[in-house]
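J.: Dropping in work.txt, with compact mmCIF, C-alpha atoms.
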# COMPACT_ATOMS: atom_id res chain seq x y z
CA MET S 1 47.92 -36.02 -13.14
CA ILE S 2 44.77 -36.96 -15.03
CA ALA S 3 43.13 -40.19 -16.18
CA VAL S 4 41.22 -40.36 -19.43
CA GLU S 5 38.58 -42.91 -20.36
CA PRO S 6 36.62 -43.01 -23.61
CA ASN S 7 32.83 -43.18 -23.46
CA LYS S 8 30.15 -43.09 -26.16
CA ASN S 9 30.00 -39.29 -26.12
CA GLY S 10 33.72 -38.53 -26.02
CA VAL S 11 36.27 -38.87 -23.23
CA ILE S 12 35.83 -38.76 -19.48
CA ILE S 13 38.67 -36.82 -17.83
CA ARG S 14 39.41 -37.35 -14.13
CA GLY S 15 41.85 -35.36 -12.02
CA TYR S 16 42.24 -32.77 -9.27
CA GLN S 17 39.20 -34.19 -7.42
CA VAL S 18 36.81 -33.68 -10.32
CA GLU S 19 35.36 -35.66 -13.18
CA LEU S 20 34.62 -34.15 -16.58
CA ILE S 21 31.80 -36.10 -18.19
CA PRO S 22 31.05 -35.50 -21.89
CA LEU S 23 27.84 -33.54 -22.33
CA SER S 24 24.82 -35.73 -23.03
CA SER S 25 21.08 -35.18 -23.34
CA GLN S 26 20.61 -35.91 -19.62
CA HIS S 27 22.54 -32.72 -18.79
CA LEU S 28 20.56 -30.38 -21.01
CA GLY S 29 18.01 -29.14 -18.46
CA LEU S 30 20.64 -28.39 -15.85
CA LEU S 31 22.97 -26.77 -18.37
CA ARG S 32 20.26 -24.42 -19.64
CA LYS S 33 19.29 -23.51 -16.08
CA TRP S 34 22.93 -22.57 -15.33
CA ARG S 35 23.40 -20.82 -18.68
CA ASN S 36 20.30 -18.71 -18.12
CA SER S 37 21.15 -17.74 -14.54
CA ALA S 38 21.89 -14.03 -14.17
CA ARG S 39 25.39 -14.61 -12.88
CA VAL S 40 26.50 -16.79 -15.80
CA ARG S 41 24.58 -14.89 -18.50
CA LEU S 42 26.07 -11.56 -17.48
CA ASN S 43 29.55 -12.65 -18.53
CA MET S 44 28.63 -14.42 -21.75
CA ILE S 45 29.30 -12.77 -25.10
CA ASN S 46 25.70 -13.63 -25.98
CA SER S 47 24.02 -12.64 -22.74
CA GLY S 48 20.42 -13.32 -23.82
CA GLN S 49 18.15 -16.02 -22.40
CA ILE S 50 18.34 -19.35 -24.24
CA SER S 51 14.99 -21.01 -24.99
CA GLU S 52 14.53 -24.76 -24.66
CA GLU S 53 14.18 -25.02 -28.44
CA GLN S 54 17.38 -23.02 -29.08
CA HIS S 55 19.21 -25.16 -26.56
CA GLN S 56 18.06 -28.41 -28.17
CA THR S 57 19.03 -27.12 -31.64
CA TRP S 58 22.49 -26.19 -30.33
CA PHE S 59 22.88 -29.63 -28.73
CA ASP S 60 21.74 -31.47 -31.88
CA GLY S 61 24.29 -29.50 -33.89
CA LEU S 62 27.14 -30.62 -31.65
CA LYS S 63 26.74 -34.25 -32.74
CA SER S 64 28.04 -33.44 -36.22
CA ASP S 65 30.51 -30.74 -35.19
CA PRO S 66 34.09 -31.95 -34.62
CA SER S 67 35.26 -28.40 -33.86
CA GLN S 68 33.93 -28.41 -30.29
CA GLN S 69 33.64 -30.64 -27.25
CA HIS S 70 31.68 -30.01 -24.07
CA TRP S 71 31.84 -31.54 -20.62
CA VAL S 72 29.95 -31.25 -17.33
CA ALA S 73 32.21 -31.07 -14.27
CA TYR S 74 31.37 -33.17 -11.21
CA TYR S 75 32.76 -32.90 -7.69
CA LYS S 76 31.87 -35.75 -5.32
CA GLY S 77 29.18 -36.86 -7.76
CA ILE S 78 27.55 -33.41 -7.92
CA PRO S 79 27.49 -31.56 -11.24
CA PHE S 80 28.73 -28.03 -10.63
CA GLY S 81 29.87 -26.51 -13.89
CA ALA S 82 30.48 -26.81 -17.59
CA THR S 83 33.63 -26.59 -19.64
CA ASN S 84 34.40 -26.83 -23.32
CA LEU S 85 36.98 -26.64 -26.06
CA LYS S 86 36.51 -25.05 -29.46
CA ALA S 87 38.77 -25.04 -32.49
CA PHE S 88 38.99 -21.90 -34.61
CA ALA S 89 37.65 -21.68 -38.17
CA GLY S 90 35.74 -24.96 -37.92
CA LYS S 91 38.87 -27.11 -37.66
CA GLU S 92 38.74 -30.41 -35.81
CA ILE S 93 39.71 -30.27 -32.15
CA GLY S 94 42.44 -32.88 -32.54
CA SER S 95 44.06 -31.30 -35.58
CA SER S 96 44.20 -27.73 -34.37
CA ALA S 97 47.28 -26.03 -32.94
CA VAL S 98 45.24 -23.46 -31.03
CA LEU S 99 42.03 -24.04 -29.09
CA GLU S 100 39.65 -21.77 -27.22
CA PRO S 101 38.52 -23.08 -23.82
CA GLY S 102 35.40 -22.07 -21.92
CA LEU S 103 34.19 -22.60 -18.37
CA TYR S 104 31.42 -21.55 -16.07
CA VAL S 105 30.52 -22.70 -12.60
CA GLY S 106 26.76 -23.02 -12.41
CA HIS S 107 26.24 -24.45 -8.92
CA PRO S 108 26.04 -21.48 -6.52
CA LYS S 109 27.83 -23.38 -3.74
CA TYR S 110 30.99 -23.67 -5.83
CA GLN S 111 31.07 -20.26 -7.52
CA ASN S 112 33.38 -18.80 -4.88
CA ASN S 113 35.46 -21.86 -4.25
CA LEU S 114 38.93 -23.12 -5.07
CA ILE S 115 37.34 -26.13 -6.80
CA ALA S 116 36.54 -23.80 -9.72
CA PHE S 117 40.17 -24.32 -10.80
CA ALA S 118 39.91 -28.10 -10.90
CA PRO S 119 37.97 -28.59 -14.17
CA THR S 120 40.33 -26.20 -15.89
CA LEU S 121 43.45 -27.98 -14.62
CA ALA S 122 42.06 -31.36 -15.71
CA LEU S 123 41.06 -30.02 -19.12
CA TYR S 124 44.32 -28.14 -19.75
CA ASP S 125 46.42 -31.17 -18.81
CA TYR S 126 44.40 -33.10 -21.37
CA VAL S 127 44.90 -30.37 -23.97
CA PHE S 128 48.64 -29.90 -23.51
CA ASP S 129 49.76 -33.41 -22.52
CA LEU S 130 47.46 -35.67 -24.52
CA LEU S 131 46.18 -33.60 -27.44
CA LYS S 132 49.58 -31.84 -27.71
CA ILE S 133 47.93 -28.51 -28.45
CA ARG S 134 50.43 -25.63 -28.76
CA GLU S 135 48.35 -22.76 -27.41
CA LEU S 136 45.08 -21.92 -25.72
CA GLN S 137 43.41 -18.65 -26.52
CA ALA S 138 40.68 -17.19 -24.34
CA ASN S 139 38.39 -14.26 -25.07
CA VAL S 140 36.94 -12.53 -22.02
CA LYS S 141 34.68 -9.50 -21.69
CA SER S 142 36.78 -6.59 -20.42
CA SER S 143 34.18 -6.09 -17.68
CA ASN S 144 34.69 -9.62 -16.35
CA GLN S 145 37.55 -8.91 -13.95
CA ALA S 146 37.05 -12.20 -12.10
CA ALA S 147 37.67 -14.21 -15.27
CA LEU S 148 40.65 -12.06 -16.24
CA ASN S 149 42.21 -12.63 -12.81
CA TYR S 150 41.38 -16.34 -12.98
CA ASN S 151 43.05 -16.71 -16.37
CA GLN S 152 46.14 -14.80 -15.31
CA LYS S 153 46.54 -17.19 -12.34
CA LEU S 154 46.73 -19.99 -14.90
CA GLY S 155 49.58 -18.27 -16.74
CA TYR S 156 47.66 -16.54 -19.53
CA LYS S 157 49.17 -13.40 -21.04
CA VAL S 158 47.04 -10.61 -22.49
CA VAL S 159 47.66 -10.24 -26.22
CA LYS S 160 44.88 -7.79 -27.15
CA ARG S 161 42.73 -5.38 -25.17
CA ALA S 162 39.38 -4.25 -26.52
CA ASP S 163 35.78 -4.84 -25.45
CA LEU S 164 36.90 -8.44 -25.55
CA VAL S 165 40.30 -9.16 -24.03
CA THR S 166 42.26 -11.87 -25.83
CA LEU S 167 44.61 -13.96 -23.71
CA SER S 168 47.08 -16.61 -24.76
CA LEU S 169 48.46 -19.55 -22.79
CA LEU S 170 51.44 -21.74 -23.64
CA LYS S 171 52.23 -25.02 -21.94
CA THR S 172 55.40 -23.74 -20.23
CA ASP S 173 53.63 -20.81 -18.58
CA TYR S 174 50.72 -23.03 -17.59
CA SER S 175 53.04 -25.60 -16.00
CA ASN S 176 55.04 -22.98 -14.12
CA GLU S 177 52.06 -21.03 -12.80
CA THR S 178 49.93 -23.96 -11.66
CA LYS S 179 52.44 -26.11 -9.74
CA MET S 180 51.25 -24.97 -6.33
CA ILE S 181 47.52 -25.14 -6.93
CA LYS S 182 47.88 -28.55 -8.56
CA GLY S 183 49.72 -29.69 -5.45
CA LEU S 184 46.89 -28.54 -3.20
CA LEU S 185 44.25 -30.23 -5.35
CA SER S 186 46.18 -33.50 -5.67
CA ARG S 187 46.99 -34.46 -2.09
CA MET U 1 57.84 -16.62 17.67
CA ALA U 2 58.00 -15.94 21.41
CA VAL U 3 54.94 -13.75 21.10
CA LYS U 4 53.10 -16.37 19.03
CA SER U 5 53.72 -19.04 21.66
CA THR U 6 51.72 -17.06 24.23
CA MET U 7 48.80 -16.47 21.88
CA SER U 8 45.52 -18.35 22.13
CA ASN U 9 44.60 -20.50 19.16
CA GLN U 10 41.98 -17.92 18.22
CA GLN U 11 44.65 -15.21 18.14
CA LYS U 12 46.98 -17.49 16.17
CA LEU U 13 44.23 -18.09 13.63
CA VAL U 14 43.59 -14.38 13.14
CA GLN U 15 47.33 -13.74 12.88
CA ALA U 16 47.71 -16.52 10.33
CA PHE U 17 45.01 -14.92 8.14
CA CYS U 18 46.66 -11.51 8.55
CA ASP U 19 50.13 -12.84 7.67
CA ALA U 20 48.96 -14.98 4.74
CA LEU U 21 46.58 -12.50 3.16
CA GLY U 22 48.25 -9.25 4.19
CA VAL U 23 45.08 -7.88 5.78
CA SER U 24 44.43 -6.22 9.16
CA SER U 25 43.04 -8.18 12.08
CA GLN U 26 39.84 -6.08 11.85
CA THR U 27 39.17 -7.70 8.47
CA VAL U 28 39.34 -11.24 9.88
CA ASN U 29 35.93 -12.26 11.21
CA ASP U 30 33.83 -15.42 10.86
CA GLU U 31 31.90 -13.99 7.90
CA LEU U 32 34.98 -13.28 5.78
CA GLN U 33 34.79 -15.52 2.70
CA TYR U 34 37.12 -16.71 -0.03
CA ASN U 35 37.09 -14.51 -3.14
CA THR U 36 35.15 -11.68 -1.48
CA ILE U 37 38.25 -9.54 -0.94
CA ARG U 38 41.08 -9.04 -3.41
CA GLU U 39 43.65 -10.51 -1.02
CA TRP U 40 41.84 -13.84 -0.51
CA ASP U 41 42.03 -15.18 -4.03
CA SER U 42 43.43 -18.54 -5.11
CA THR U 43 47.02 -17.42 -4.51
CA GLY U 44 46.11 -16.05 -1.08
CA HIS U 45 44.32 -19.30 -0.34
CA MET U 46 47.43 -21.34 -1.08
CA VAL U 47 49.56 -19.14 1.17
CA LEU U 48 46.87 -19.31 3.84
CA VAL U 49 46.76 -23.11 3.78
CA SER U 50 50.52 -23.23 4.14
CA GLU U 51 50.44 -20.72 7.02
CA LEU U 52 47.67 -22.55 8.90
CA GLU U 53 49.49 -25.86 8.46
CA THR U 54 52.68 -24.37 9.88
CA VAL U 55 51.07 -22.51 12.77
CA PHE U 56 48.91 -25.43 13.90
CA ASN U 57 51.25 -28.23 12.78
CA VAL U 58 48.60 -30.01 10.72
CA MET U 59 48.35 -31.33 7.15
CA LEU U 60 44.98 -30.54 5.60
CA ASP U 61 43.26 -32.95 3.21
CA THR U 62 42.37 -31.68 -0.24
CA ASP U 63 38.65 -31.84 0.58
CA ASP U 64 39.24 -29.55 3.55
CA ILE U 65 41.35 -27.14 1.49
CA ILE U 66 38.46 -26.90 -0.98
CA ASP U 67 35.87 -26.62 1.78
CA MET U 68 37.71 -23.87 3.67
CA SER U 69 35.70 -21.07 2.12
CA SER U 70 35.38 -18.75 5.14
CA VAL U 71 37.02 -17.97 8.46
CA ALA U 72 34.17 -19.80 10.22
CA LYS U 73 34.78 -22.84 8.00
CA ALA U 74 38.50 -22.70 8.75
CA LYS U 75 37.70 -22.96 12.46
CA THR U 76 35.40 -25.96 11.92
CA ILE U 77 38.00 -27.69 9.78
CA LEU U 78 40.88 -27.04 12.18
CA ALA U 79 38.75 -28.44 15.00
CA LYS U 80 38.64 -31.75 13.09
CA TYR U 81 42.43 -31.80 13.31
CA GLY U 82 42.33 -31.32 17.09
CA VAL U 83 42.85 -27.56 17.16
CA SER U 84 40.56 -26.09 19.81
CA LEU U 85 39.33 -22.62 18.93
Please express the file's structure as structure tokens.

T.:
Amino acid sequence: MIAVEPNKNGVIIRGYQVELIPLSSQHLGLLRKWRNSARVRLNMINSGQISEEQHQTWFDGLKSDPSQQHWVAYYKGIPFGATNLKAFAGKEIGSSAVLEPGLYVGHPKYQNNLIAFAPTLALYDYVFDLLKIRELQANVKSSNQAALNYNQKLGYKVVKRADLVTLSLLKTDYSNETKMIKGLLSR
Amino acid sequence: MAVKSTMSNQQKLVQAFCDALGVSSQTVNDELQYNTIREWDSTGHMVLVSELETVFNVMLDTDDIIDMSSVAKAKTILAKYGVSL
């Protein structure tokens, strides 16, 4: 069960012990530090270092881009990761039937921790229950076995295998596969 | 069950990890951490929580379920619930 509250940068999503706060300028330094860390960069499609200028340009572009939304995930008031939604072909998030989600855990303490599921559960509940999105589609490097396993635990099915593996998730599969973990994170 | 009742809590803990994760007792030491072996993934973790709760007759809080990231941590957490290890 999630709670959603609008703020000036988008919507705050709370659930499963975490808070997803819309990305703002105050997060930029931390986000770039995480994004440029070896562990996160290794699994990105663009695995190069991001300069401060590139990062600021990317952030400025988000303000006029309705096809993507970004959040920073907090656990007990500590920012530990970033998650996002993107619509395909420049469509608006709210008017798209299929969205592509993204997540990375930047805080080393939480990289091998069950809490890594919480931002995803909160975001996917928002996507399926409030936005009424039909399908989520994830693209993962074939070398990123941890992310492939993670996605399959959420109910994703592989639809295409290449250097990038494409996975698809429907609400029914998501609901069925996540009952137990939601229970543990909602006591 | 008869065997389990004569075990020390330390032995019960090791057995709970073995039963939940399907690993040998040699694998279960204080340094063993979540997500460092194939068997202790999120699914294994859920089974493990259930097993520990049954064996020690406790109900773990969500914060403790999240925090239980190693065998050593599991011991510390169970101690909070009155399980002496």

J.: Looking at S:Ala162, S:Ala38, S:Leu148, S:Leu154, which one is nearest to Thr120 of chain S, with distances taken over all atoms listed in the file?

T.: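 Going through S:Ala162, S:Ala38, S:Leu148, S:Leu154 one by one, the smallest distance to Thr120 of chain S is for S:Leu154.
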
J.: Distance limit 6 Å, atoms considered: only C-alpha atoms. Which chain U residues sit that close to chain S? Return them as an MDAnalysis selection string.

T.: chainID U and resid 35 62 66

J.: Output, as AutoDock Vina command-line options, the centre and edge lengths in Å (one decimal) of the axis-aligned box that contains all listed atoms of segment 30-45 of chain S with 5 Å of margin on each side.

T.:
--center_x 24.4 --center_y -20.0 --center_z -19.0 --size_x 20.3 --size_y 26.8 --size_z 22.2

J.: If we count only C-alpha atoms and set the cut-off at 7 Å, which residues sit around Val71 of chain U, ignoring sequence neighbours fewer than 4 positions away in its own chain? Please answer as a list of chain:residue names.

T.: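 Neighbouring residues, sequence-local ones excluded: U:Asn29, U:Asp30, U:Glu31, U:Leu32, U:Gln33, U:Lys75.
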
J.: Those selected residues, please, written with C-alpha atoms and delivered as a PDB file, in the coordinates of the input.

T.:
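Produced file selection-v5.pdb, reproduced below:
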ATOM      1  CA  ASN U  29      35.930 -12.260  11.210  1.00  0.00           C
ATOM      2  CA  ASP U  30      33.830 -15.420  10.860  1.00  0.00           C
ATOM      3  CA  GLU U  31      31.900 -13.990   7.900  1.00  0.00           C
ATOM      4  CA  LEU U  32      34.980 -13.280   5.780  1.00  0.00           C
ATOM      5  CA  GLN U  33      34.790 -15.520   2.700  1.00  0.00           C
ATOM      6  CA  LYS U  75      37.700 -22.960  12.460  1.00  0.00           C
TER       7      LYS U  75
END

J.: Smallest atom-to-atom distance to Thr43 of chain U: which of U:Gly22, U:Asp61, U:Phe56, U:Ser70, using only C-alpha atoms?

T.: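 Nearest to Thr43 of chain U: U:Gly22.
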
J.: Let me make sure I understand: among U:Lys12, U:Arg38, U:Lys73, U:Lys80, which one has the smallest atom-to-atom distance to Ser25 of chain U if we use all atoms listed in the file?

T.: U:Lys12

J.: Excluding Tyr81 of chain U and residues on its chain fewer than 3 positions from it, collect all residues at most 10 Å away from it, counting only C-alpha atoms, and give them as a list in words.

T.: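 Close residues of Tyr81 of chain U: Phe56, Asn57, Val58, Met59, Leu60, Thr76, Ile77, Leu78 and Ser84 of chain U.
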
J.: Using all atoms listed in the file, collect all residues at a distance of at most 7 Å from (39.0, -29.2, -21.7) as written in the file, then present them as a PyMOL selection string.

T.: chain S and resi 83-85+101+120+123-124+126-127

J.: Contacts of Gly44 of chain U at 10 Å or less, counting all atoms listed in the file, minus same-chain residues fewer than 5 places along, as a list in words?

T.: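 Answer for this query is Phe17, Ala20, Leu21, Gly22, Tyr34, Asn35, Arg38, Glu39, Val49 and Ser50 of chain U.
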
J.: Would you save the residues from that selection as a PDB file, in the coordinates of the input, using C-alpha atoms?

T.:
ATOM      1  CA  PHE U  17      45.010 -14.920   8.140  1.00  0.00           C
ATOM      2  CA  ALA U  20      48.960 -14.980   4.740  1.00  0.00           C
ATOM      3  CA  LEU U  21      46.580 -12.500   3.160  1.00  0.00           C
ATOM      4  CA  GLY U  22      48.250  -9.250   4.190  1.00  0.00           C
ATOM      5  CA  TYR U  34      37.120 -16.710  -0.030  1.00  0.00           C
ATOM      6  CA  ASN U  35      37.090 -14.510  -3.140  1.00  0.00           C
ATOM      7  CA  ARG U  38      41.080  -9.040  -3.410  1.00  0.00           C
ATOM      8  CA  GLU U  39      43.650 -10.510  -1.020  1.00  0.00           C
ATOM      9  CA  VAL U  49      46.760 -23.110   3.780  1.00  0.00           C
ATOM     10  CA  SER U  50      50.520 -23.230   4.140  1.00  0.00           C
TER      11      SER U  50
END

J.: Would you please work out which residue, of U:Val28, U:Val55, U:Val23, U:Cys18, is nearest to Ala72 of chain U when using only C-alpha atoms?

T.: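 Closest to Ala72 of chain U of all the choices is U:Val28.
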
J.: Atom CA of Trp58 of chain S to atom CA of Ser25 of chain S: how many Å, to one decimal?

T.: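 Answer for the atom CA of Trp58 of chain S to atom CA of Ser25 of chain S separation: 11.5 Å.
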
J.: How many Å separate atom CA of Ser96 of chain S from atom CA of Gln152 of chain S?

T.: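 A separation of 23.1 Å between them.
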
J.: Closest to Asp60 of chain S among S:Val40, S:Ala87, S:Leu23, S:Ala82, using all atoms listed in the file?

T.: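 Ranking S:Val40, S:Ala87, S:Leu23, S:Ala82 by distance to Asp60 of chain S, first place goes to S:Leu23.
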
J.: In Å, with one decimal, what is the gap from atom CA of Lys33 of chain S to atom CA of Ser143 of chain S?

T.: 23.0 Å

J.: Hey, what's within 10 Å of Pro79 of chain S if we count all atoms listed in the file and toss same-chain stuff fewer than 6 positions away? As a count of residues only, please?

T.: 12

J.: Could you give me, as a VMD selection string, the residues within 10 Å of Gly10 of chain S, counting only C-alpha atoms and dropping anything in the same chain fewer than 5 positions from it?

T.: chain S and resid 5 21 to 24 69 to 71

J.: Would you mind completing segment 16-27 of chain U so that it carries all heavy atoms, and writing it out as a short mmCIF file (atom, residue, chain, number, x, y, z; two decimals), keeping the file's coordinate frame?

T.:
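Ended up saving to selection37.cif:
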data_model
loop_
_atom_site.label_atom_id
_atom_site.label_comp_id
_atom_site.auth_asym_id
_atom_site.auth_seq_id
_atom_site.Cartn_x
_atom_site.Cartn_y
_atom_site.Cartn_z
N ALA U 16 47.37 -15.74 11.53
CA ALA U 16 47.71 -16.52 10.33
C ALA U 16 47.01 -15.93 9.10
O ALA U 16 47.61 -15.80 8.03
CB ALA U 16 47.30 -17.98 10.51
N PHE U 17 45.73 -15.56 9.25
CA PHE U 17 45.01 -14.92 8.14
C PHE U 17 45.67 -13.59 7.78
O PHE U 17 45.86 -13.28 6.60
CB PHE U 17 43.53 -14.68 8.51
CG PHE U 17 42.63 -15.84 8.15
CD1 PHE U 17 42.51 -16.94 8.98
CD2 PHE U 17 41.92 -15.83 6.96
CE1 PHE U 17 41.68 -18.01 8.65
CE2 PHE U 17 41.09 -16.90 6.61
CZ PHE U 17 40.97 -17.98 7.47
N CYS U 18 46.04 -12.82 8.81
CA CYS U 18 46.66 -11.51 8.55
C CYS U 18 47.99 -11.68 7.80
O CYS U 18 48.26 -10.99 6.82
CB CYS U 18 46.93 -10.77 9.86
SG CYS U 18 45.44 -10.28 10.72
N ASP U 19 48.81 -12.62 8.28
CA ASP U 19 50.13 -12.84 7.67
C ASP U 19 50.00 -13.38 6.24
O ASP U 19 50.72 -12.96 5.34
CB ASP U 19 50.96 -13.82 8.51
CG ASP U 19 51.37 -13.21 9.85
OD1 ASP U 19 51.25 -11.97 10.00
OD2 ASP U 19 51.81 -13.96 10.74
N ALA U 20 49.08 -14.33 6.06
CA ALA U 20 48.96 -14.98 4.74
C ALA U 20 48.34 -14.05 3.71
O ALA U 20 48.77 -14.02 2.56
CB ALA U 20 48.12 -16.25 4.87
N LEU U 21 47.32 -13.31 4.13
CA LEU U 21 46.58 -12.50 3.16
C LEU U 21 47.03 -11.04 3.13
O LEU U 21 46.64 -10.29 2.24
CB LEU U 21 45.07 -12.57 3.46
CG LEU U 21 44.45 -13.97 3.50
CD1 LEU U 21 42.95 -13.88 3.78
CD2 LEU U 21 44.70 -14.73 2.20
N GLY U 22 47.81 -10.65 4.14
CA GLY U 22 48.25 -9.25 4.19
C GLY U 22 47.10 -8.31 4.51
O GLY U 22 47.00 -7.23 3.93
N VAL U 23 46.21 -8.73 5.40
CA VAL U 23 45.08 -7.88 5.78
C VAL U 23 45.18 -7.57 7.28
O VAL U 23 45.93 -8.22 8.02
CB VAL U 23 43.72 -8.57 5.49
CG1 VAL U 23 43.54 -8.78 4.00
CG2 VAL U 23 43.59 -9.90 6.24
N SER U 24 44.40 -6.58 7.74
CA SER U 24 44.43 -6.22 9.16
C SER U 24 43.56 -7.19 9.95
O SER U 24 42.66 -7.85 9.39
CB SER U 24 43.91 -4.80 9.34
OG SER U 24 42.52 -4.79 9.09
N SER U 25 43.81 -7.25 11.24
CA SER U 25 43.04 -8.18 12.08
C SER U 25 41.56 -7.80 12.12
O SER U 25 40.70 -8.65 12.34
CB SER U 25 43.63 -8.23 13.50
OG SER U 25 43.65 -6.93 14.04
N GLN U 26 41.25 -6.50 11.86
CA GLN U 26 39.84 -6.08 11.85
C GLN U 26 39.08 -6.74 10.69
O GLN U 26 37.87 -6.90 10.75
CB GLN U 26 39.72 -4.55 11.71
CG GLN U 26 40.06 -3.77 12.97
CD GLN U 26 41.56 -3.69 13.22
OE1 GLN U 26 42.35 -3.64 12.29
NE2 GLN U 26 41.95 -3.70 14.49
N THR U 27 39.82 -7.09 9.65
CA THR U 27 39.17 -7.70 8.47
C THR U 27 38.79 -9.15 8.75
O THR U 27 37.89 -9.70 8.11
CB THR U 27 40.15 -7.65 7.27
OG1 THR U 27 40.61 -6.32 7.11
CG2 THR U 27 39.50 -8.12 5.98
#
